[in-house]
Amino acid sequence: MLMASGLRREYDDLIALASLDVQIPPGELIALVGPNGAGKTTLLAIAAGLLDPSHGTIQICGDPAGSLPARAQTSYIPDTPVFYQDLSLGEHLEYVARLHGTSDWPDRASLLLEQLGLEQWRDKLPTQFSRGMRQKASIALGFIRPFSLLLADEPFDGLDPPSRGVLVEMLKTAAASGAAVIVSTHRTEIADISSRCIALRDGEMVYDGPPDRSVIAGAA
Amino acid sequence: MRSMVAADQASGLGALRDLRTARRRRYAEQVDWLETLYRLYLGVLVGGWGLALISGALADVRVDRHTVEEIHRHGPAVLGLVVALAVAGGLRSGARGGPLVIEAADVQHVLLAPVDRGAALRGLAFRRLRNAAFAGAVLGLIVGNFAFRRLPGPTALWLLLGGVFGAAVAECAVAAAMIASGRRMHRAAAAAVAALIVGWSVADLLGRHVSSPATMLGELALWPLHHAGDSFGLPAAGLLIAAIAVAVALSGLAGTSLEAAQRRAGLAAQLRFAVTTQDLRAVILLRRQLASETPRSRPWLRLAPAEQPRRVVWRRGWRSFLRWPLVRVARVGALGAIAGLALLGAWQGTTPLLIVAALALIVAAFDAVEPIGQEVDHPTRLSLLPVGAGDLIRRSLIAPVVLMAGVSLIALTAAIAAGAPGRLVGVLIVVALPTAVLSLCCAAVSVTNDPYAYALAPQIGYVQTGFPLVLMIIGVGAPVLAAREAARHGSSAVGVALGCELPLLLICAAVTSWLGHRAAKRFPVRS
């Protein structure tokens, strides 16, 4: 699903990712952990096609990350939700779904809004939402379209405990349906649901193995 | 899979069209058309009246036959150099991610979706090109309006070709930026191409021939001076090359870097807000960030620590200047040269060029007052210092005065190099230092303005923003105009200029004193 080889990213003198090699097969739920500045967001942004690697390659389903076929397969939930100022949540969902050629979007949208407790917010502007509501709206946008690879950057931030539970179930369902799911987080409870853990530090991979709370806590 | 993606793409583009139509309709519904038309009416009325006043009431003199021939011979190459510099600026902007400002939400939701990025960005690119063409055409019309009053040739042709030339230059600059951005041109490569284009125009200027497309466009602007039998082929070729550049730019939009787009989206949103609140300091800082203009990590020259406490502020100013990137050094130098040439043009009869000279000097001064800007940017630190903010701000003006005196020297040198007569040189020597001080006072007032002081009374805010510009134009224009008139009537130009500078220096002293008083009030020393 995702294959990175010799992936490196530099910002002037700073090395954000140092020659990373990783393969992620379909159906895996990966906990991507590491302290601030470890390179988690950079890795996810490169996989989404937002950033270009300085060296190395990264492929999604055999296509270069950021290419048109790769974009059709990749859903990215950024760490900071991004919305149009003049579109309601419902209009956002319609727009994003239709951009990805989803025909059954009305049903999917209703289901997602119900799952996330956003039904009554459908016609409201997300730019006026609270931090947690914005995060939930961003998650809904990430799930409204079909994907084979889900990249979620700190998706639990700002969520209340019940919403975190809902998100955990959604991530598990996505992985169970065959999608590769990569979740960047500092939360140790991710160990209970993930199938694999990758820890980064200073841009280098320091752990790649079964999920372990101590590894996650240590990396965070 | 591929056919599925293609189908998705078609429906995605359909969604994009539908949504943009809906957003435009919603925007149109919210616009107060009466208010908009009233503003347009006011703009046209004030702009037209101002233009008529400047161009008509100042009684510019018509140029003599010899000068017309000189302009006919060298003008296209000079204008070609202007075109080349605009294109070079465009390439520089494009290598840093410009010129498109894509909404952050569009980067996240549209450009990461499986739709053709070129198609998704085309509408935005057309709008950018249209706006640039409009602005260029207006500027060209204004210049054409001044040209026909001093040069022979049909009025309508000067206006028409002035407008077309202005639009073409703007299109070339924006197209160059789009080509550099869409092709992900490296900064060094863009700089090399820019140097080649400018070098070609310089070669045309020195060799007195027309080979560069930029010079061909210059031929277009000066076509009203053409002789019978001259072919319109070269100007037409220039226009054709500009059109090809636009087409090439539009074809490569899909390559635009999302990383740069994201960065610019955030900065542009802040810039719009800063412009709305007339926060000039924020505008300067954000514009520098958009142009990736950062201070040098290694200074041009490392200064030893100041031995006497009184010299700390002076030394701090020079440490700031010694970290200027090369592009800022070049810009300030070029602004000085532009001011000198504009003053020469004004002396020779094109009075509105005084405004150009004043604006060039105040823009250079905005860079020179950077140490003061840095102090104002950190009000808490300023308040915690054991010295009064007013005293600090006043002392911070000394190093910039020396710098701006250097800029005035560049202006003087440029005017002499362009053939300034002895009397003008004398006038420029007299006005150099007072003008440097005035430009700094005006820039310092602008930079230390509190943008939120008159948030509830925007009219006062407009006055606060406009005052330094008006003062600068009067301060630069009045002595030169008075000296020019004195020279025309056989009086001593230098003496008249000197007489004008004395009250100007008094005004500068008053402004400096008020500046310190205002800073002391705004940033009181914490006990």
# chains A, B, ... in the order shown; residues from 1 in each chain; ligands from 1

$ residues_around --residues "Thr465 of chain B" --least-positions-apart "4" --cutoff "12 Å" --atoms "only C-alpha atoms" --output "list in words"
Val275, Thr276, Thr277, Gln278, Asp279, Leu280, Arg281, Cys442, Ala443, Ala444, Val445, Ser446, Val447, Thr448, Asn449, Asp450, Pro451, Tyr452, Ala453, Tyr454, Pro458, Gln459, Ile460, Gly461, Leu469, Val470 and Leu471 of chain B

$ residues_around --residues "Ala242 of chain B" --least-positions-apart "6" --cutoff "10 Å" --atoms "only C-alpha atoms" --output "list in words"
Ala168, Val169, Ala170, Glu171, Cys172, Ala173, Ala175, Ala176, Pro213, Ala214, Leu217, Ala236 and Val248 of chain B

$ interface_residues --of "chain A" --to "chain B" --cutoff "10 Å" --atoms "only C-alpha atoms" --output "PyMOL selection string"
chain A and resi 45-46+48-52+66-78+81-87+91-92+94-103+141-142+145

$ select_by_dssp --residues "segment 5-216 of chain A" --states "alpha helix (DSSP H)" --output "short mmCIF file (atom, residue, chain, number, x, y, z; two decimals) with N, CA, C and O atoms, in the first residue's frame"
data_model
loop_
_atom_site.label_atom_id
_atom_site.label_comp_id
_atom_site.auth_asym_id
_atom_site.auth_seq_id
_atom_site.Cartn_x
_atom_site.Cartn_y
_atom_site.Cartn_z
N LYS A 40 7.06 13.15 12.29
CA LYS A 40 5.79 12.45 12.02
C LYS A 40 4.95 13.22 10.99
O LYS A 40 4.49 12.66 10.01
N THR A 41 4.74 14.51 11.27
CA THR A 41 3.91 15.31 10.37
C THR A 41 4.55 15.41 8.99
O THR A 41 3.85 15.35 7.97
N THR A 42 5.87 15.51 8.96
CA THR A 42 6.57 15.59 7.67
C THR A 42 6.33 14.31 6.87
O THR A 42 6.03 14.36 5.67
N LEU A 43 6.44 13.16 7.54
CA LEU A 43 6.23 11.88 6.85
C LEU A 43 4.81 11.80 6.28
O LEU A 43 4.61 11.44 5.12
N LEU A 44 3.83 12.18 7.10
CA LEU A 44 2.44 12.09 6.64
C LEU A 44 2.19 13.09 5.50
O LEU A 44 1.48 12.76 4.54
N ALA A 45 2.76 14.29 5.62
CA ALA A 45 2.55 15.30 4.56
C ALA A 45 3.20 14.85 3.25
O ALA A 45 2.65 15.10 2.17
N ILE A 46 4.33 14.16 3.33
CA ILE A 46 4.97 13.66 2.10
C ILE A 46 4.10 12.56 1.50
O ILE A 46 3.86 12.52 0.29
N ALA A 47 3.58 11.68 2.35
CA ALA A 47 2.74 10.59 1.85
C ALA A 47 1.46 11.14 1.22
O ALA A 47 0.96 10.60 0.23
N ALA A 48 0.96 12.26 1.78
CA ALA A 48 -0.27 12.85 1.23
C ALA A 48 0.00 13.60 -0.07
O ALA A 48 -0.93 13.85 -0.84
N LEU A 68 -1.91 11.78 -9.42
CA LEU A 68 -3.37 11.74 -9.45
C LEU A 68 -3.94 10.40 -8.95
O LEU A 68 -4.83 10.39 -8.08
N PRO A 69 -3.42 9.25 -9.41
CA PRO A 69 -3.96 7.99 -8.89
C PRO A 69 -3.71 7.82 -7.39
O PRO A 69 -4.57 7.29 -6.67
N ALA A 70 -2.55 8.30 -6.92
CA ALA A 70 -2.25 8.18 -5.49
C ALA A 70 -3.20 9.04 -4.67
O ALA A 70 -3.65 8.64 -3.58
N ARG A 71 -3.53 10.22 -5.20
CA ARG A 71 -4.45 11.11 -4.47
C ARG A 71 -5.83 10.48 -4.35
O ARG A 71 -6.55 10.70 -3.37
N ALA A 72 -6.21 9.70 -5.39
CA ALA A 72 -7.53 9.04 -5.35
C ALA A 72 -7.58 8.01 -4.23
O ALA A 72 -8.66 7.68 -3.73
N GLN A 73 -6.42 7.50 -3.82
CA GLN A 73 -6.38 6.44 -2.81
C GLN A 73 -6.12 6.95 -1.40
O GLN A 73 -6.28 6.20 -0.44
N LEU A 89 -20.95 22.83 7.05
CA LEU A 89 -20.35 21.49 7.18
C LEU A 89 -20.94 20.55 6.12
O LEU A 89 -20.21 19.79 5.47
N GLY A 90 -22.25 20.63 5.94
CA GLY A 90 -22.91 19.77 4.95
C GLY A 90 -22.37 20.05 3.55
O GLY A 90 -22.14 19.11 2.78
N GLU A 91 -22.17 21.33 3.24
CA GLU A 91 -21.64 21.67 1.91
C GLU A 91 -20.20 21.20 1.75
O GLU A 91 -19.79 20.77 0.66
N HIS A 92 -19.43 21.27 2.82
CA HIS A 92 -18.06 20.74 2.78
C HIS A 92 -18.09 19.25 2.44
O HIS A 92 -17.34 18.77 1.59
N LEU A 93 -18.98 18.53 3.13
CA LEU A 93 -19.04 17.08 2.92
C LEU A 93 -19.44 16.77 1.48
O LEU A 93 -18.84 15.90 0.83
N GLU A 94 -20.43 17.50 0.97
CA GLU A 94 -20.87 17.28 -0.41
C GLU A 94 -19.73 17.55 -1.39
O GLU A 94 -19.45 16.76 -2.29
N TYR A 95 -19.05 18.66 -1.15
CA TYR A 95 -17.98 19.09 -2.06
C TYR A 95 -16.85 18.07 -2.10
O TYR A 95 -16.44 17.61 -3.17
N VAL A 96 -16.36 17.71 -0.91
CA VAL A 96 -15.22 16.78 -0.85
C VAL A 96 -15.62 15.43 -1.43
O VAL A 96 -14.86 14.82 -2.20
N ALA A 97 -16.83 14.96 -1.10
CA ALA A 97 -17.27 13.67 -1.62
C ALA A 97 -17.36 13.71 -3.14
O ALA A 97 -16.88 12.80 -3.83
N ARG A 98 -17.94 14.78 -3.68
CA ARG A 98 -18.10 14.86 -5.13
C ARG A 98 -16.76 15.04 -5.84
O ARG A 98 -16.56 14.55 -6.95
N LEU A 99 -15.83 15.75 -5.19
CA LEU A 99 -14.48 15.89 -5.79
C LEU A 99 -13.84 14.52 -5.98
O LEU A 99 -13.00 14.34 -6.86
N TRP A 105 -22.85 9.89 -1.48
CA TRP A 105 -22.40 10.76 -0.40
C TRP A 105 -23.51 11.19 0.57
O TRP A 105 -23.23 11.34 1.77
N PRO A 106 -24.78 11.38 0.11
CA PRO A 106 -25.77 11.82 1.11
C PRO A 106 -25.92 10.83 2.26
O PRO A 106 -25.97 11.21 3.42
N ASP A 107 -25.95 9.53 1.92
CA ASP A 107 -26.10 8.51 2.97
C ASP A 107 -24.86 8.47 3.86
O ASP A 107 -24.95 8.39 5.08
N ARG A 108 -23.70 8.51 3.19
CA ARG A 108 -22.44 8.46 3.96
C ARG A 108 -22.33 9.66 4.89
O ARG A 108 -21.90 9.55 6.05
N ALA A 109 -22.72 10.81 4.37
CA ALA A 109 -22.63 12.04 5.17
C ALA A 109 -23.54 11.94 6.40
O ALA A 109 -23.13 12.26 7.52
N SER A 110 -24.76 11.46 6.18
CA SER A 110 -25.70 11.34 7.31
C SER A 110 -25.15 10.40 8.37
O SER A 110 -25.22 10.68 9.57
N LEU A 111 -24.59 9.27 7.91
CA LEU A 111 -24.05 8.29 8.84
C LEU A 111 -22.88 8.87 9.65
O LEU A 111 -22.82 8.72 10.88
N LEU A 112 -21.99 9.54 8.93
CA LEU A 112 -20.82 10.13 9.61
C LEU A 112 -21.24 11.19 10.63
O LEU A 112 -20.73 11.24 11.75
N LEU A 113 -22.17 12.05 10.23
CA LEU A 113 -22.62 13.12 11.13
C LEU A 113 -23.27 12.51 12.38
O LEU A 113 -23.08 13.02 13.49
N GLU A 114 -23.99 11.43 12.16
CA GLU A 114 -24.64 10.77 13.30
C GLU A 114 -23.58 10.15 14.21
O GLU A 114 -23.61 10.33 15.43
N GLN A 115 -22.62 9.45 13.61
CA GLN A 115 -21.55 8.81 14.40
C GLN A 115 -20.79 9.83 15.25
O GLN A 115 -20.48 9.59 16.41
N ARG A 131 -12.79 24.11 18.99
CA ARG A 131 -11.64 23.30 18.56
C ARG A 131 -12.04 21.83 18.36
O ARG A 131 -11.72 21.24 17.33
N GLY A 132 -12.76 21.27 19.33
CA GLY A 132 -13.15 19.87 19.25
C GLY A 132 -14.11 19.61 18.10
O GLY A 132 -13.99 18.61 17.38
N MET A 133 -15.06 20.53 17.91
CA MET A 133 -16.03 20.36 16.83
C MET A 133 -15.35 20.47 15.47
O MET A 133 -15.70 19.74 14.53
N ARG A 134 -14.38 21.34 15.39
CA ARG A 134 -13.63 21.48 14.13
C ARG A 134 -12.88 20.19 13.83
O ARG A 134 -12.82 19.73 12.68
N GLN A 135 -12.33 19.59 14.88
CA GLN A 135 -11.58 18.35 14.70
C GLN A 135 -12.53 17.25 14.20
O GLN A 135 -12.20 16.49 13.31
N LYS A 136 -13.73 17.20 14.81
CA LYS A 136 -14.70 16.18 14.39
C LYS A 136 -15.13 16.42 12.93
O LYS A 136 -15.28 15.47 12.16
N ALA A 137 -15.31 17.69 12.58
CA ALA A 137 -15.69 18.01 11.20
C ALA A 137 -14.58 17.58 10.23
O ALA A 137 -14.85 17.05 9.15
N SER A 138 -13.32 17.80 10.65
CA SER A 138 -12.19 17.41 9.81
C SER A 138 -12.14 15.89 9.64
O SER A 138 -11.84 15.39 8.55
N ILE A 139 -12.45 15.18 10.72
CA ILE A 139 -12.47 13.70 10.65
C ILE A 139 -13.58 13.25 9.68
O ILE A 139 -13.37 12.36 8.86
N ALA A 140 -14.73 13.91 9.77
CA ALA A 140 -15.83 13.56 8.87
C ALA A 140 -15.41 13.75 7.41
O ALA A 140 -15.71 12.91 6.55
N LEU A 141 -14.68 14.82 7.14
CA LEU A 141 -14.22 15.07 5.76
C LEU A 141 -13.21 14.01 5.32
O LEU A 141 -13.16 13.64 4.15
N GLY A 142 -12.42 13.52 6.26
CA GLY A 142 -11.45 12.47 5.93
C GLY A 142 -12.12 11.15 5.62
O GLY A 142 -11.59 10.36 4.83
N PHE A 143 -13.30 10.92 6.21
CA PHE A 143 -13.97 9.62 6.03
C PHE A 143 -15.08 9.65 4.98
O PHE A 143 -15.62 8.61 4.65
N PRO A 161 -13.64 12.34 25.57
CA PRO A 161 -13.50 10.87 25.63
C PRO A 161 -14.51 10.10 24.78
O PRO A 161 -14.12 9.17 24.06
N PRO A 162 -15.82 10.45 24.79
CA PRO A 162 -16.73 9.69 23.93
C PRO A 162 -16.36 9.80 22.45
O PRO A 162 -16.41 8.81 21.72
N SER A 163 -15.96 10.99 22.02
CA SER A 163 -15.60 11.17 20.60
C SER A 163 -14.33 10.39 20.27
O SER A 163 -14.18 9.87 19.16
N ARG A 164 -13.41 10.32 21.25
CA ARG A 164 -12.19 9.52 21.02
C ARG A 164 -12.57 8.06 20.79
O ARG A 164 -12.01 7.39 19.93
N GLY A 165 -13.54 7.59 21.58
CA GLY A 165 -14.00 6.21 21.43
C GLY A 165 -14.59 5.98 20.04
O GLY A 165 -14.32 4.96 19.40
N VAL A 166 -15.38 6.94 19.58
CA VAL A 166 -16.00 6.82 18.25
C VAL A 166 -14.91 6.77 17.18
O VAL A 166 -14.94 5.95 16.26
N LEU A 167 -13.91 7.64 17.33
CA LEU A 167 -12.84 7.69 16.35
C LEU A 167 -12.06 6.37 16.33
O LEU A 167 -11.71 5.85 15.25
N VAL A 168 -11.81 5.81 17.51
CA VAL A 168 -11.10 4.53 17.59
C VAL A 168 -11.86 3.47 16.79
O VAL A 168 -11.28 2.72 15.99
N GLU A 169 -13.17 3.44 16.97
CA GLU A 169 -13.99 2.46 16.24
C GLU A 169 -13.91 2.71 14.74
O GLU A 169 -13.83 1.75 13.95
N MET A 170 -13.94 3.96 14.34
CA MET A 170 -13.88 4.28 12.90
C MET A 170 -12.55 3.84 12.31
O MET A 170 -12.49 3.32 11.19
N LEU A 171 -11.47 4.07 13.05
CA LEU A 171 -10.14 3.68 12.56
C LEU A 171 -10.05 2.16 12.44
O LEU A 171 -9.51 1.63 11.45
N LYS A 172 -10.58 1.47 13.44
CA LYS A 172 -10.54 0.00 13.42
C LYS A 172 -11.34 -0.54 12.23
O LYS A 172 -10.92 -1.45 11.53
N THR A 173 -12.51 0.06 12.00
CA THR A 173 -13.35 -0.38 10.88
C THR A 173 -12.65 -0.15 9.55
O THR A 173 -12.70 -1.00 8.65
N ALA A 174 -11.98 1.01 9.44
CA ALA A 174 -11.28 1.32 8.19
C ALA A 174 -10.18 0.29 7.93
O ALA A 174 -10.04 -0.22 6.80
N ALA A 175 -9.43 -0.05 8.98
CA ALA A 175 -8.35 -1.04 8.80
C ALA A 175 -8.95 -2.42 8.50
O ALA A 175 -8.43 -3.15 7.64
N ALA A 176 -10.05 -2.74 9.17
CA ALA A 176 -10.67 -4.05 8.95
C ALA A 176 -11.19 -4.18 7.52
O ALA A 176 -11.25 -5.28 6.96
N ARG A 213 3.01 -0.09 24.86
CA ARG A 213 2.71 1.17 25.56
C ARG A 213 3.99 1.87 26.03
O ARG A 213 4.07 3.10 26.01
N SER A 214 4.99 1.06 26.46
CA SER A 214 6.20 1.69 26.98
C SER A 214 6.97 2.40 25.86
O SER A 214 7.56 3.47 26.06
N VAL A 215 6.95 1.79 24.68
CA VAL A 215 7.62 2.43 23.53
C VAL A 215 6.92 3.74 23.20
O VAL A 215 7.55 4.78 23.00
N ILE A 216 5.58 3.68 23.16
CA ILE A 216 4.81 4.88 22.81
C ILE A 216 5.03 5.96 23.87
O ILE A 216 5.28 7.12 23.55
#

$ closest_residue --among "B:Val63, B:Leu438, B:Ile142, B:Leu40" --to "Ala510 of chain B" --atoms "only C-alpha atoms"
B:Leu438

$ residues_around --residues "Arg264 of chain B" --least-positions-apart "3" --cutoff "12 Å" --atoms "only C-alpha atoms" --output "JSON, numbers by chain"
{"B": [93, 94, 96, 97, 98, 99, 100, 101, 102, 103, 104, 107, 256, 257, 258, 259, 260, 261, 267, 268, 269, 270, 271, 272, 286, 287, 288, 289, 290, 291, 292]}

$ closest_residue --among "B:Leu440, B:Glu35, B:Ser181, B:His209" --to "Ile362 of chain B" --atoms "only C-alpha atoms"
B:Leu440

$ residues_around --residues "segment 382-387 of chain B" --least-positions-apart "2" --cutoff "8 Å" --atoms "only C-alpha atoms" --output "tab-separated table (two decimals) with C-alpha atoms, in the first residue's frame"
chain	number	residue	atom	x	y	z
B	375	GLU	CA	11.75	47.54	18.76
B	376	VAL	CA	8.05	48.21	18.12
B	378	HIS	CA	8.46	43.56	20.79
B	379	PRO	CA	6.57	46.03	23.00
B	380	THR	CA	7.03	44.00	26.20
B	389	ALA	CA	11.01	54.27	24.61
B	391	ASP	CA	14.67	58.28	23.75
B	392	LEU	CA	15.40	54.84	22.32
B	523	PHE	CA	5.45	52.07	25.77
B	524	PRO	CA	5.87	53.47	29.30
B	525	VAL	CA	8.88	52.28	31.34
B	526	ARG	CA	7.70	49.72	33.92

$ atom_distance --atom1 "atom CA of Ile372 of chain B" --atom2 "atom CA of Gly317 of chain B"
8.5 Å

$ residues_around --residues "Gly203 of chain A" --least-positions-apart "5" --cutoff "10 Å" --atoms "only C-alpha atoms" --output "list in words"
Arg8, Arg9, Glu10, Leu14, Ile15, Ala16, Leu17, Ala18, Ser19, Leu20, Gly34, Gly37, Ala38, Gly39, Lys40, Thr42 and Leu43 of chain A

$ write_last_selection --atoms "N, CA, C and O atoms" --output "short mmCIF file (atom, residue, chain, number, x, y, z; two decimals), in the first residue's frame"
data_model
loop_
_atom_site.label_atom_id
_atom_site.label_comp_id
_atom_site.auth_asym_id
_atom_site.auth_seq_id
_atom_site.Cartn_x
_atom_site.Cartn_y
_atom_site.Cartn_z
N ARG A 8 13.98 11.08 2.54
CA ARG A 8 14.71 12.08 3.32
C ARG A 8 14.10 13.45 3.04
O ARG A 8 13.72 13.76 1.91
N ARG A 9 13.98 14.24 4.08
CA ARG A 9 13.45 15.59 3.89
C ARG A 9 14.26 16.57 4.74
O ARG A 9 14.43 16.36 5.94
N GLU A 10 14.74 17.60 4.08
CA GLU A 10 15.53 18.62 4.80
C GLU A 10 14.83 19.98 4.67
O GLU A 10 14.22 20.27 3.65
N LEU A 14 18.09 21.83 8.68
CA LEU A 14 17.41 20.88 9.56
C LEU A 14 17.01 19.62 8.79
O LEU A 14 16.42 19.71 7.71
N ILE A 15 17.35 18.45 9.36
CA ILE A 15 16.94 17.19 8.73
C ILE A 15 15.67 16.72 9.44
O ILE A 15 15.70 16.31 10.60
N ALA A 16 14.54 16.81 8.73
CA ALA A 16 13.26 16.41 9.34
C ALA A 16 13.05 14.91 9.23
O ALA A 16 12.47 14.29 10.12
N LEU A 17 13.51 14.33 8.14
CA LEU A 17 13.45 12.87 7.96
C LEU A 17 14.79 12.43 7.39
O LEU A 17 15.27 13.00 6.41
N ALA A 18 15.37 11.40 8.02
CA ALA A 18 16.70 10.98 7.57
C ALA A 18 16.63 9.57 7.00
O ALA A 18 16.56 8.60 7.75
N SER A 19 16.57 9.48 5.70
CA SER A 19 16.64 8.20 4.99
C SER A 19 15.75 7.12 5.61
O SER A 19 16.24 6.19 6.26
N LEU A 20 14.48 7.24 5.39
CA LEU A 20 13.51 6.31 5.99
C LEU A 20 13.11 5.25 4.97
O LEU A 20 12.77 5.56 3.83
N GLY A 34 6.36 9.55 18.42
CA GLY A 34 7.64 10.23 18.51
C GLY A 34 7.44 11.59 19.16
O GLY A 34 6.33 12.13 19.13
N GLY A 37 8.77 17.31 16.74
CA GLY A 37 9.92 17.53 15.86
C GLY A 37 10.58 16.24 15.42
O GLY A 37 11.66 16.27 14.82
N ALA A 38 9.91 15.08 15.66
CA ALA A 38 10.52 13.80 15.28
C ALA A 38 10.42 13.54 13.78
O ALA A 38 11.20 12.77 13.23
N GLY A 39 9.44 14.19 13.12
CA GLY A 39 9.28 13.99 11.68
C GLY A 39 7.96 13.32 11.31
O GLY A 39 7.76 12.97 10.15
N LYS A 40 7.06 13.15 12.29
CA LYS A 40 5.79 12.45 12.02
C LYS A 40 4.95 13.22 10.99
O LYS A 40 4.49 12.66 10.01
N THR A 42 5.87 15.51 8.96
CA THR A 42 6.57 15.59 7.67
C THR A 42 6.33 14.31 6.87
O THR A 42 6.03 14.36 5.67
N LEU A 43 6.44 13.16 7.54
CA LEU A 43 6.23 11.88 6.85
C LEU A 43 4.81 11.80 6.28
O LEU A 43 4.61 11.44 5.12
#

$ residues_around --residues "Leu359 of chain B" --least-positions-apart "2" --cutoff "9 Å" --atoms "only C-alpha atoms" --output "ChimeraX atom specification"
/B:339,354-357,361-364,469,472-473

$ write_last_selection --atoms "N, CA, C and O atoms" --output "CSV table (one decimal), in the first residue's frame"
chain,number,residue,atom,x,y,z
B,339,ALA,N,15.0,57.2,-7.7
B,339,ALA,CA,14.7,58.6,-7.1
B,339,ALA,C,15.5,59.6,-7.9
B,339,ALA,O,15.0,60.7,-8.3
B,354,LEU,N,8.2,63.7,-9.6
B,354,LEU,CA,8.5,64.0,-8.2
B,354,LEU,C,7.8,63.1,-7.3
B,354,LEU,O,8.4,62.7,-6.2
B,355,ILE,N,6.6,62.6,-7.6
B,355,ILE,CA,5.9,61.7,-6.8
B,355,ILE,C,6.6,60.3,-6.8
B,355,ILE,O,6.8,59.7,-5.7
B,356,VAL,N,7.1,60.0,-8.0
B,356,VAL,CA,7.9,58.7,-8.1
B,356,VAL,C,9.1,58.8,-7.2
B,356,VAL,O,9.4,57.8,-6.4
B,357,ALA,N,9.8,59.9,-7.2
B,357,ALA,CA,11.0,60.1,-6.4
B,357,ALA,C,10.7,60.0,-4.9
B,357,ALA,O,11.4,59.3,-4.2
B,361,LEU,N,12.0,57.0,-2.3
B,361,LEU,CA,12.8,57.3,-1.1
B,361,LEU,C,12.1,56.8,0.1
B,361,LEU,O,12.7,56.2,1.0
B,362,ILE,N,10.8,56.9,0.2
B,362,ILE,CA,10.1,56.5,1.4
B,362,ILE,C,10.1,54.9,1.5
B,362,ILE,O,10.2,54.3,2.6
B,363,VAL,N,10.0,54.3,0.4
B,363,VAL,CA,10.1,52.8,0.4
B,363,VAL,C,11.4,52.3,0.8
B,363,VAL,O,11.6,51.4,1.6
B,364,ALA,N,12.5,53.0,0.4
B,364,ALA,CA,13.8,52.7,0.8
B,364,ALA,C,14.0,52.9,2.3
B,364,ALA,O,14.6,52.2,3.1
B,469,LEU,N,3.0,59.9,3.8
B,469,LEU,CA,3.2,59.9,2.4
B,469,LEU,C,3.0,61.3,1.8
B,469,LEU,O,3.9,61.8,1.0
B,472,MET,N,6.0,63.5,2.7
B,472,MET,CA,7.2,63.1,1.9
B,472,MET,C,7.1,63.7,0.5
B,472,MET,O,8.1,64.2,0.0
B,473,ILE,N,5.9,63.6,-0.1
B,473,ILE,CA,5.8,64.1,-1.5
B,473,ILE,C,6.0,65.6,-1.5
B,473,ILE,O,6.7,66.2,-2.3

$ residues_around --residues "segment 249-254 of chain B" --least-positions-apart "5" --cutoff "9 Å" --atoms "only C-alpha atoms" --output "list in words"
Asp116, Arg117, Gly118, Ala119, Ala120, Leu121, Arg122, Ala125, Phe126, Val174, Ala175, Ala176, Ala177, Met178, Ile179, Ala180, Ser181, Gly182, Arg183 and Ile244 of chain B

$ select_by_dssp --residues "segment 51-181 of chain A" --states "strand (DSSP E or B)" --output "ChimeraX atom specification"
/A:55-60,63-64,74-77,149-153,180-181
